[in-house]
Amino acid sequence: MAASTQYLQQQVNTCVSIGATYEGRDPVLLERMLPFVDYIEVTLETISEVHASRISLSSEVMSEIKNIGKAAKIIVHGVGLSIGSHEGCSPTYLQLLDDFLEQVDVAWHSEHLGYTKVDGEHLGIMLAMPKTEEALDMVCERVTAIQERYNLPFLLENIVHVVPDSPSDYSDAGFLNALTDRTGCGLILDVYNLECDAHNHGFSIQAFLKELQATNVRELHVARGVEHNGLLLDVHSQLANTSTVELAQHVVRQSGGNAQVVVYEFMPEAVPGLGHDAIAEQLGRLRTAFRN
Amino acid sequence: MDLATHQRKLLGLFRTTYQVCDDDDAYIRKVAESKDLAEGRRNISLWRIYVLERTCTLTVNLLRRRNLLGEALSNFIAKNNISPFRETQAPAFLEELTHHQDHLIASVAQFELALMKVREGSPHSYVVTWCVDPYSILNSLAKDAPLDGDVIEGTYKVMISRDIPGQFQICSAPREDGMLLEGGS
């Protein structure tokens, strides 16, 4: 079968919404993106400001987000909750989330399944949790508390393995399956992170997807970073590879219709290099690949 | 190894505050020797640079031109408990550099920090002393252009305030009566 014919056939079963990250203060970019997206994903840490040592949501960016109105649904994706820290989640993040949800209706909110601080000391990077019974019990308890606190769907995302995996009670997919079974939370599957793990650690994407209960996947992330010293870095600085989009299509099909959106992630620092046109074209290509 | 011990040892390895010993299990020894750890540390620097080159452009440009960015960043990461909130990073980084032994780096950092405060609504006025004419330096750094080799030495002051059009004004040394000799923003 010709590759183009195969690609068109794949489209039939991969109809989901498209989303993009937006961190505010670039209304021209937002205008360029809105015709292509159904969801705008906001990261609270990057729309916050510091005034007199207090961190709060930027009123300027909040106005922008409120003005999006019906042009796109809003979803929140955190990086600072640190749900996997042994000592507890970040109260600062929860306070920001409280403030945001008081002002904006969101479809759901999400975090990374990892930790960024230990005993109050920031790592400067996000690390994956050991997949042990102790870690699973702790995270499940916190997920349940968050679901009760906000009464909104809550999703957790697989993150890249920065260091080699530690001895575990579960496989990666097994840990996610147990987490979703116990709490009812959904998953974000970052397929570029899977590609990074495959490249950097010999991780088997095929075995992972075979074991994963993909019907729990509500959202997918596509992105692309750079390679350095033979390692793929998860820095969200490039346009997504075709292989990443095809992997996302595969997971959407596997989700049995439960996946709702594919989000293209890029960091604001990458915008000048990428350019607004290229970002809009990327979203247009995703729309073609996932909407028909 | 319980979760708290696991996380504390990895934190120590990333921040180079923990030395692996014979009692450590095979996993911690494996991480300590891995190229992943070295690359992870480099990633931490990379993320900081991404944020700082956008939020304190002038100072980062000057450090780059002095080949001191890596050293300044390493010191900053080692000494500070850096929050993941991006907005907190630039003020902390600039504050650290306001006492740099290179007078020009100290002046540029003080200037950029004061400008940041004023733009965020600070009602205070700030004065930064320079040992060279700030105009050509700031002009080059703002345009990311090479620094002019023929800088004019002398004592200059830059006033930063929300009451000044453009928010700052470059002045030469004040006369004994306190009046400013010349200005321009």
# chains A, B, ... in the order shown; residues from 1 in each chain; ligands from 1
$ interface_residues --of "chain A" --to "chain B" --cutoff "6 Å" --atoms "only C-alpha atoms" --output "list in words"
Glu45, Glu49, His86, Glu121, His122, Gly124 and Val163 of chain A
$ write_last_selection --atoms "N, CA and C atoms" --output "CSV table (one decimal), in the first residue's frame"
chain,number,residue,atom,x,y,z
A,45,GLU,N,2.6,28.3,36.3
A,45,GLU,CA,3.9,28.8,36.7
A,45,GLU,C,4.5,29.8,35.7
A,49,GLU,N,3.5,36.0,38.3
A,49,GLU,CA,4.5,37.1,38.6
A,49,GLU,C,4.8,37.2,40.1
A,86,HIS,N,8.4,13.3,48.3
A,86,HIS,CA,8.1,12.5,49.5
A,86,HIS,C,7.4,13.4,50.6
A,121,GLU,N,13.9,21.7,48.7
A,121,GLU,CA,15.0,22.2,47.9
A,121,GLU,C,14.7,21.8,46.4
A,122,HIS,N,14.7,22.8,45.5
A,122,HIS,CA,14.4,22.5,44.1
A,122,HIS,C,15.5,21.8,43.4
A,124,GLY,N,15.7,21.7,40.1
A,124,GLY,CA,16.0,22.4,38.8
A,124,GLY,C,15.7,21.5,37.6
A,163,VAL,N,17.4,10.0,34.5
A,163,VAL,CA,18.5,9.1,35.0
A,163,VAL,C,18.0,7.6,34.8
$ select_by_dssp --residues "stretch 45-166 of chain B" --states "alpha helix (DSSP H)" --output "count of residues only"
70
$ residues_around --residues "A:Gly257" --least-positions-apart "2" --cutoff "9 Å" --atoms "only C-alpha atoms" --output "list in words"
Asn13, Thr14, Cys15, Val16, Thr215, Val252, Arg253, Gln254, Ser255, Ala259 and Gln260 of chain A
$ write_last_selection --atoms "N, CA and C atoms" --output "compact mmCIF listing (two decimals), in the first residue's frame"
# COMPACT_ATOMS: atom_id res chain seq x y z
N ASN A 13 -9.60 7.02 11.69
CA ASN A 13 -9.82 6.63 13.08
C ASN A 13 -9.09 7.51 14.09
N THR A 14 -8.68 8.67 13.70
CA THR A 14 -7.88 9.48 14.61
C THR A 14 -8.47 10.87 14.79
N CYS A 15 -9.76 10.97 14.86
CA CYS A 15 -10.39 12.29 14.93
C CYS A 15 -10.44 12.79 16.37
N VAL A 16 -9.56 13.69 16.70
CA VAL A 16 -9.56 14.33 18.02
C VAL A 16 -9.33 15.82 17.84
N THR A 215 -7.15 3.19 27.04
CA THR A 215 -8.46 3.85 27.13
C THR A 215 -8.48 4.92 28.21
N VAL A 252 -3.99 7.37 19.72
CA VAL A 252 -5.38 7.84 19.63
C VAL A 252 -6.29 6.69 19.20
N ARG A 253 -5.84 5.93 18.21
CA ARG A 253 -6.65 4.77 17.78
C ARG A 253 -6.80 3.76 18.91
N GLN A 254 -5.68 3.57 19.63
CA GLN A 254 -5.67 2.58 20.72
C GLN A 254 -6.56 3.02 21.89
N SER A 255 -6.82 4.32 22.00
CA SER A 255 -7.58 4.83 23.14
C SER A 255 -9.07 4.52 23.02
N ALA A 259 -9.41 9.41 23.87
CA ALA A 259 -8.50 10.55 23.73
C ALA A 259 -9.27 11.72 23.12
N GLN A 260 -9.10 12.90 23.71
CA GLN A 260 -9.90 14.03 23.26
C GLN A 260 -9.10 15.11 22.55
$ atom_distance --atom1 "atom CA of A:Ile55" --atom2 "atom CA of A:Tyr150"
20.8 Å
$ closest_residue --among "B:Pro134, B:Arg119, B:Lys143, B:Asp150" --to "B:Ile164" --atoms "only C-alpha atoms"
B:Arg119
$ residues_around --residues "B:Thr59" --least-positions-apart "6" --cutoff "7 Å" --atoms "only C-alpha atoms" --output "ChimeraX atom specification"
/B:105,108-109
$ residues_around --residues "stretch 22-38 of chain A" --least-positions-apart "5" --cutoff "8 Å" --atoms "only C-alpha atoms" --output "MDAnalysis selection string"
chainID A and resid 17 43 46:47 60:61 64:65 71:73 268 276:277 279:280 283:284 287
$ select_by_dssp --residues "stretch 45-285 of chain A" --states "strand (DSSP E)" --output "VMD selection string"
chain A and resid 48 to 51 54 to 57 73 to 77 109 to 112 114 to 118 121 to 128 154 to 157 186 to 190 217 to 222 227 to 228 231 to 232 261 to 264
